[in-house]
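Structure, as structure tokens:
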Amino acid sequence: MSALTELGLAEARDGLRAKKFSAREITEDHIKAVEAARPLNAYLCETPEKALAMAAASDERLAKGEGKPLDGLPLAIKDLFCTEGVPTTAGSKILEGFKPPYESTVTSQLWRDGAVMLGKVNLDEFAMGSANITSAYGHVENPWRRKGDNHALVPGGSSGGSAAAVAARAALAATGTDTGGSIRQPAAFCGLVGLKPTYGRCSRWGVVAFASSLDQAGPMTRSVRDAAVMLQSMAGYDPKDSTSANVPLPNFEAALTGDIRGMRIGIPREYRIDGMPAEIETLWERGIEWLKAAGATPVEVSLKMTEYALPVYYIIAPAEASSNLARYDGERFGKRVNGDTLDAMYENTRAEGFGAEVRRRILIGTYVLSAGYYDAYYLKAQKVRALIAQDFDKAFESCDALLTPTAPSAAFGIGEKFDNPIQMYLNDVFTVTVNLAGLPGISVPAGLSSEGLPLGLQVIGKAFDEESVLRVGQVIEQAAQFTAKPAFIAGEA
Amino acid sequence: MSLIKGETGDWEMVIGLEVHAQVSSQSKLFSGASTAFGSEPNTQVSLVDAAFPGMLPVINKLCVEQAVKTGLGLEAEINLVSIFDRKNYFYADLPAGYQISQYTRPVVGKGRLVLDMPDGSSREIGITRLHLEQDAGKSLHDQHPTQTYIDLNRSGIALMEIVSEPDIRSSEEAAAYVKKLRSILRYLGTCDGNMEEGSMRCDCNVSVRKPGGPLGTRCEIKNVNSMRFVMQAIDYEARRQIEVIEEGGTIKQETRLFDSGRGITRPMRSKEEAHDYRYFPDPDLLPLELDGAWVQQLRSAMPELPDAKKARFVSQYALSPYDAGVLVDELASANYFETVAKGRDAKLACNWVMGDLFGALNKLGVDIANSPVKAESLGELISLISDNTISGRIAKDVFAAMLDTGKNAGAIVEEQGLRQVTDTGAIEQAIDAILAKEGEKIAEYRSGKDKLFGFFVGQVMKATQGKANPALVNDLLKKKLAG
């Protein structure tokens with residue numbers, strides 16, 4: 001560990017501008033940290049040479065006083081973002097050997113702004129999972145441990161590699177993607193800030209698709225300010241993505257005023273679910289008190305359709321995925337397993353290329369879209385989805401943002417909850433609604449469980465009101481004074 | 001209505017057509033790749049067309065405009081909100097594993113198309129809908145003994161699928177429908193209508209029934225690629241169905257392929273058709289929303305279409321409906337005619353265009369756009385006839401020379417000294433010279449052998465190398481022969 005890997009993204013930015021250290025120095029320290037973090041299996045592909053070259057270019061610009069917003073800041077990239085000439089696997093065997101001849105819009109904007117790429121990080125296969133155990137390249141370990149227990153824990157998912165790398169100080173920050181909670185839940189499990197922006201805020205172009213109407217890229221960082229800084233570069237209208245929103249880009253960092261006086265914070269009563277651990281309930285109450293103390297007013301709101309969110313999500317997301325993943329047919333890129341006929345080639349390629357969870361979701365998705373079932377499943381799910389969005393619209397008539405827990409539990413152990421996919425799906429209970437409604441949501445570390453594991457609180461905002469989400473999130477961050485560190489820090493003995 | 005005689009009496013065909021018309025556009029429906037025909041395989045393929053991971057479709061506005069224009073040309077409802085759906089199936093030339101199409105909410109709704117039948121009657125055929133969709137790539141099965149090659153140049157090109165109501169009652173009507181539709185598309189410039197290059201393809205839904213009886217079970221014949229094949233395929237299929245039914249069998253609803261080599265239809269292998277397409281709205285695309293004012297703009301900028309032009313030709317130029325119909329079939333012919341007829345004798349212009357010109361072009365095997373005789377030149381020729389500079393007969397020779405040399409009518413007339421003799425004195429002189437030699441024939445004529453008049457005319461024309469004005473020759477001859 002070095003002092004430079006301990007810095008936050010914004011701090012490092014300021015340090016580079018003040019010439020306290022060079023981009024090369026902070027990058028070299030991070031390259032060492034990436035190597036040291038290998039036991040976590042967070043990185044699928046390390047790109048140290050690329051990183052050093054990018055750092056050198058940053059140093060040149062910084063020396064001339066022409067530093068860009070993210071110049072010299074080493075980042076980890078979820079391996080769902082296509083990166084030109086760098087292997088992109090989506091955590092799947094089926095994309096083995098695939099080197100995209102193009103760069104995703106989001107990552108190209110990060111490089112445009114001077115960021116340094118450390119490598120590509122692990123994830124659940126095609127982002128399908130909540131524990132990063134479905135990756136074809138092995139599970140990722142959470143750098144945190146329960147108090148007095150060395151059993152390895154999951155980092156959450158699907159952006160588990162991003163979360164583990166940032167928590168272990170093997171990257172200043174990372175990109176994630178969030179389809180049902182895949183940024184916020186691993187952020188909560190690893191004691192990080194994870195922001196899922198409004199659907200349409202960040203371009204999906206060049207991001208391997210899981211469920212197109214839900215997927216959204218966002219930052220995973222160690223502070224709310226860092227999230228604001230990184231979002232600034234990731235976001236923006238992209239004419240190559242028809243669902244990208246052509247709306248003005250605010251200055252997110254400037255939204256961090258700390259002033260939430262007069263804001264009304266909605267507390268959805270349906271989020272008090274059966275079986276939720278008392279300590280999460282307590283944390284939530286504490287969060288409400290913090291916001292009250294800062295001058296906000298809590299108001300109880302109702303999100304009546306909440307109980308249907310998970311079933312709806314597990315119809316819509318697999319439906320879209322079953323179609324999105326049809327292109328992995330062994331024909332043009334990635335893995336091919338030949339067969340005697342075209343169909344045999346498809347079957348062999350996809351049977352070998354896709355893991356169990358991906359196959360399960362393709363099957364579910366194919367089923368819910370098939371003749372005779374479409375109306376009962378997909379169509380009905382779309383209708384309920386519209387009602388879920390209406391719930392939020394209605395709630396936002398009486399409040400400016402919502403506060404909820406991020407996940408119903410702290411990180412669990414590797415091997416736990418694995419036998420029952422439904423149990424696993426329940427992880428997303430507080431996060432999927434936000435995707436279904438297309439809203440922005442942030443998870444902020446707010447305390448530790450009795451076992452010493454991080455717990456997160458989620459702030460949900462109106463569409464394109466990331467500013468409020470960030471502002472409220474930062475108030476929680478400051479109140480929570482979350483300073484705990486994971487058991488594993490890259491480079492620490 | 002044409003009925004088919006079967007063993008058990010008359011049968012009526014019920015036909016609906018689905019025409020896939022390639023949208024005239026420089027680039028594809030959802031990508032910037034070129035649509036040019038005949039390029040090297042896989043040279044016009046964007047990452048979107050090849051369905052690389054993370055690639056997203058972006059609608060090409062021009063293609064939408066073309067579809068809306070076509071809808072307006074079919075007097076159809078334009079849906080201001082329509083939806084793109086995914087039609088899911090696996091095939092080697094379908095890179096994404098789905099085709100982006102419009103299923104429940106097409107961009108164009110109900111419309112109509114009027115058929116002009118050869119006997120001069122007309123029939124209205126309902127249009128059910130028009131929707132936009134992507135074309136697939138091409139599988140090349142003949143490049144390798146055991147492998148199939150894929151060419152994705154066509155993948156993603158915009159098609160308009162234009163679906164008719166089952167209003168068509170004979171193969172002739174089906175051909176007339178395709179012809180009329182093609183004519184409208186070409187007028188609008190929304191599809192080049194080139195069936196040989198595959199820019200118009202036709203699926204035929206055919207069933208048979210006793211006249212006026214309940215509808216029979218239909219079969220769909222896929223990918224019929226010429227007007228002649230449309231007729232052949234429908235006639236064969238109707239016959240086949242009648243035979244099956246009359247032999248006590250039943251028609252199975254199925255998709256069949258037209259084998260143009262053998263002139264028959266055959267069922268597709270069950271694997272080729274057993275699809276559940278799992279249509280659902282494409283989440284990569286927002287609903288297609290059109291601005292009503294924009295549609296209105298397109299509507300007011302619509303060109304004159306074949307039906308309106310035909311009616312105008314009949315009223316403005318006093319052409320017969322048949323002639324007008326032939327002339328307006330191709331916009332180029334109609335324009336050619338109007339250039340020729342401008343300020344001239346329209347009937348004469350029509351006769352020359354439809355007779356001499358079409359005959360010559362046919363013989364040369366070139367279309368009117370490439371005619372060696374331009375409309376202005378033919379017009380000049382007709383002016384020369386009308387102002388009596390040359391006779392109609394000489395005009396035929398002049399026209400032949402124009403075809404050969406590409407020169408103007410006037411120049412040919414001058415060069416070859418073909419100017420008509422309208423000088424009464426000169427003609428009288430020629431007549432007198434003839435009459436002086438033909439005393440015997442004059443006597444015969446005067447004694448009642450009227451037919452000899454033609455002989456005298458011929459002699460005079462011969463003597464004047466055909467340049468004498470025929471009307472003057474007639475007049476003068478009659479007077480002189482009358483003595």
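Just so we're on the same page: first chain in the structure tokens is A, next is B, and so on; residues restart at 1 for each chain, and ligands are numbered from 1 in the order they show up.
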
Contacts of chain B with chain A up to 9 Å, shortest pair per row, only C-alpha atoms, as a Markdown table:
| residue | atom | partner | partner_atom | distance |
| --- | --- | --- | --- | --- |
| B:Ala50 | CA | A:Arg332 | CA | 7.7 |
| B:Ala51 | CA | A:Arg327 | CA | 6.5 |
| B:Phe52 | CA | A:Arg327 | CA | 7.7 |
| B:Pro53 | CA | A:Val208 | CA | 5.2 |
| B:Gly54 | CA | A:Gly206 | CA | 4.0 |
| B:Met55 | CA | A:Gly206 | CA | 5.7 |
| B:Leu56 | CA | A:Asp241 | CA | 6.1 |
| B:Pro57 | CA | A:Ser242 | CA | 7.2 |
| B:Val58 | CA | A:Ser242 | CA | 5.8 |
| B:Ile59 | CA | A:Ser242 | CA | 8.0 |
| B:Arg86 | CA | A:Ser323 | CA | 8.2 |
| B:Asn88 | CA | A:Ser323 | CA | 6.8 |
| B:Tyr89 | CA | A:Ala326 | CA | 8.4 |
| B:Phe90 | CA | A:Ala326 | CA | 7.4 |
| B:Tyr91 | CA | A:Leu342 | CA | 8.1 |
| B:Ala92 | CA | A:Glu331 | CA | 7.5 |
| B:Leu94 | CA | A:Arg327 | CA | 8.7 |
| B:Pro95 | CA | A:Arg327 | CA | 6.0 |
| B:Ala96 | CA | A:Arg327 | CA | 4.4 |
| B:Gly97 | CA | A:Ala326 | CA | 4.9 |
| B:Tyr98 | CA | A:Ser323 | CA | 7.2 |
| B:Asp276 | CA | A:Ala371 | CA | 6.5 |
| B:Tyr277 | CA | A:Ser370 | CA | 7.6 |
| B:Arg278 | CA | A:Ser370 | CA | 5.1 |
| B:Tyr279 | CA | A:Leu369 | CA | 7.3 |
| B:Phe280 | CA | A:Leu369 | CA | 7.4 |
| B:Asp282 | CA | A:Glu320 | CA | 8.5 |
| B:Pro283 | CA | A:Ser213 | CA | 5.3 |
| B:Asp284 | CA | A:Ser212 | CA | 6.1 |
| B:Leu285 | CA | A:Ser242 | CA | 5.7 |
| B:Leu286 | CA | A:Thr243 | CA | 6.5 |

**Item:** 12 Å contact set for Ala411 in chain B, only C-alpha atoms, chain neighbours under 2 positions out, as a list in words
**Value:**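 Non-adjacent residues within range: Ser377, Glu380, Leu381, Leu384, Val398, Phe399, Ala401, Met402, Thr405, Gly406, Lys407, Asn408, Ala409, Val413, Glu414, Glu415, Gln416, Gly417, Leu418 and Arg419 of chain B.
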
Would you mind writing down, as an mmCIF file with C-alpha atoms, in the first residue's frame, each residue of range 64-180 of chain A that DSSP on the backbone assigns to strand (DSSP E)?
data_model
loop_
_atom_site.group_PDB
_atom_site.id
_atom_site.type_symbol
_atom_site.label_atom_id
_atom_site.label_comp_id
_atom_site.auth_asym_id
_atom_site.auth_seq_id
_atom_site.Cartn_x
_atom_site.Cartn_y
_atom_site.Cartn_z
ATOM 1 C CA PRO A 74 -6.027 5.207 -12.536
ATOM 2 C CA LEU A 75 -9.348 3.407 -12.956
ATOM 3 C CA ALA A 76 -10.630 -0.134 -13.224
ATOM 4 C CA ILE A 77 -13.137 -0.894 -15.982
ATOM 5 C CA LYS A 78 -15.868 -3.463 -15.582
ATOM 6 C CA VAL A 116 -5.679 5.973 -16.879
ATOM 7 C CA MET A 117 -6.810 2.409 -17.504
ATOM 8 C CA LEU A 118 -5.456 -0.199 -15.097
ATOM 9 C CA GLY A 119 -7.340 -3.117 -16.581
ATOM 10 C CA LYS A 120 -10.651 -4.888 -16.878
ATOM 11 C CA VAL A 121 -12.378 -6.218 -13.803
ATOM 12 C CA ALA A 173 -12.461 4.188 -8.765
ATOM 13 C CA ALA A 174 -14.161 1.873 -11.205
ATOM 14 C CA THR A 175 -16.937 1.833 -13.731
ATOM 15 C CA GLY A 176 -19.892 -0.376 -12.993
ATOM 16 C CA THR A 177 -23.161 -1.149 -14.638
ATOM 17 C CA ASP A 178 -26.467 -1.543 -12.873
#

**Asked** Which distance in Å separates CA of Ile162 in chain B and CA of Thr190 in chain B, to one decimal?
**Response** 12.6 Å

**Request:** Find the spatial neighbours of Ala308 in chain B, counting only C-alpha atoms, within a cut-off of 12 Å - ignore same-chain residues fewer than 3 positions away - and output them as a count of residues only.
**Result:** 20

**6 Å contact set for Pro445 in chain A, only C-alpha atoms, chain neighbours under 2 positions out, as JSON, numbers by chain** = {"A": [191, 192, 455, 456]}

**Request:** With a distance cut-off of 6 Å and only C-alpha atoms, select the neighbouring residues of Gly194 in chain A, excluding the residue or stretch itself and same-chain residues fewer than 4 positions from it, and output the selection as an NGL selection string.
**Result:** :A and (183-184 or 187 or 220 or 442-443)

With C-alpha atoms retained, export the selected residues as a short mmCIF file (atom, residue, chain, number, x, y, z; two decimals), in the first residue's frame.
data_model
loop_
_atom_site.label_atom_id
_atom_site.label_comp_id
_atom_site.auth_asym_id
_atom_site.auth_seq_id
_atom_site.Cartn_x
_atom_site.Cartn_y
_atom_site.Cartn_z
CA ILE A 183 -23.60 -1.05 -8.84
CA ARG A 184 -25.36 -0.23 -5.58
CA ALA A 187 -20.94 -0.90 -3.33
CA MET A 220 -18.09 3.11 -8.04
CA ILE A 442 -26.89 6.01 -4.91
CA SER A 443 -25.63 3.68 -2.22
#

**Asked** Hey, what's within 7 Å of Asn427 in chain A if we count only C-alpha atoms and toss same-chain stuff fewer than 6 positions away? As a VMD selection string, please?
**Response** chain A and resid 130 407 to 408

For the residues selected in the previous step, produce a file with C-alpha atoms as an mmCIF file, in the first residue's frame.
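The new file again_12.cif reads:
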data_model
loop_
_atom_site.group_PDB
_atom_site.id
_atom_site.type_symbol
_atom_site.label_atom_id
_atom_site.label_comp_id
_atom_site.auth_asym_id
_atom_site.auth_seq_id
_atom_site.Cartn_x
_atom_site.Cartn_y
_atom_site.Cartn_z
ATOM 1 C CA SER A 130 -25.710 -10.536 -7.209
ATOM 2 C CA ALA A 407 -29.669 -4.387 0.374
ATOM 3 C CA PRO A 408 -31.483 -6.592 2.883
#

**Prompt:** Which residue out of A:Phe189, A:Phe354, A:Phe396, A:Tyr43 has the minimum interatomic distance to Met263 in chain A when only C-alpha atoms are used?
**Reply:** A:Phe396

**Spatial neighbours of Leu448 in chain A, 10 Å, only C-alpha atoms, chain gap at least 6 places, as a list in words** = Gly191, Glu279, Ile280, Leu283, Ala410, Pro454, Leu455, Gly456, Phe482 and Ala484 of chain A
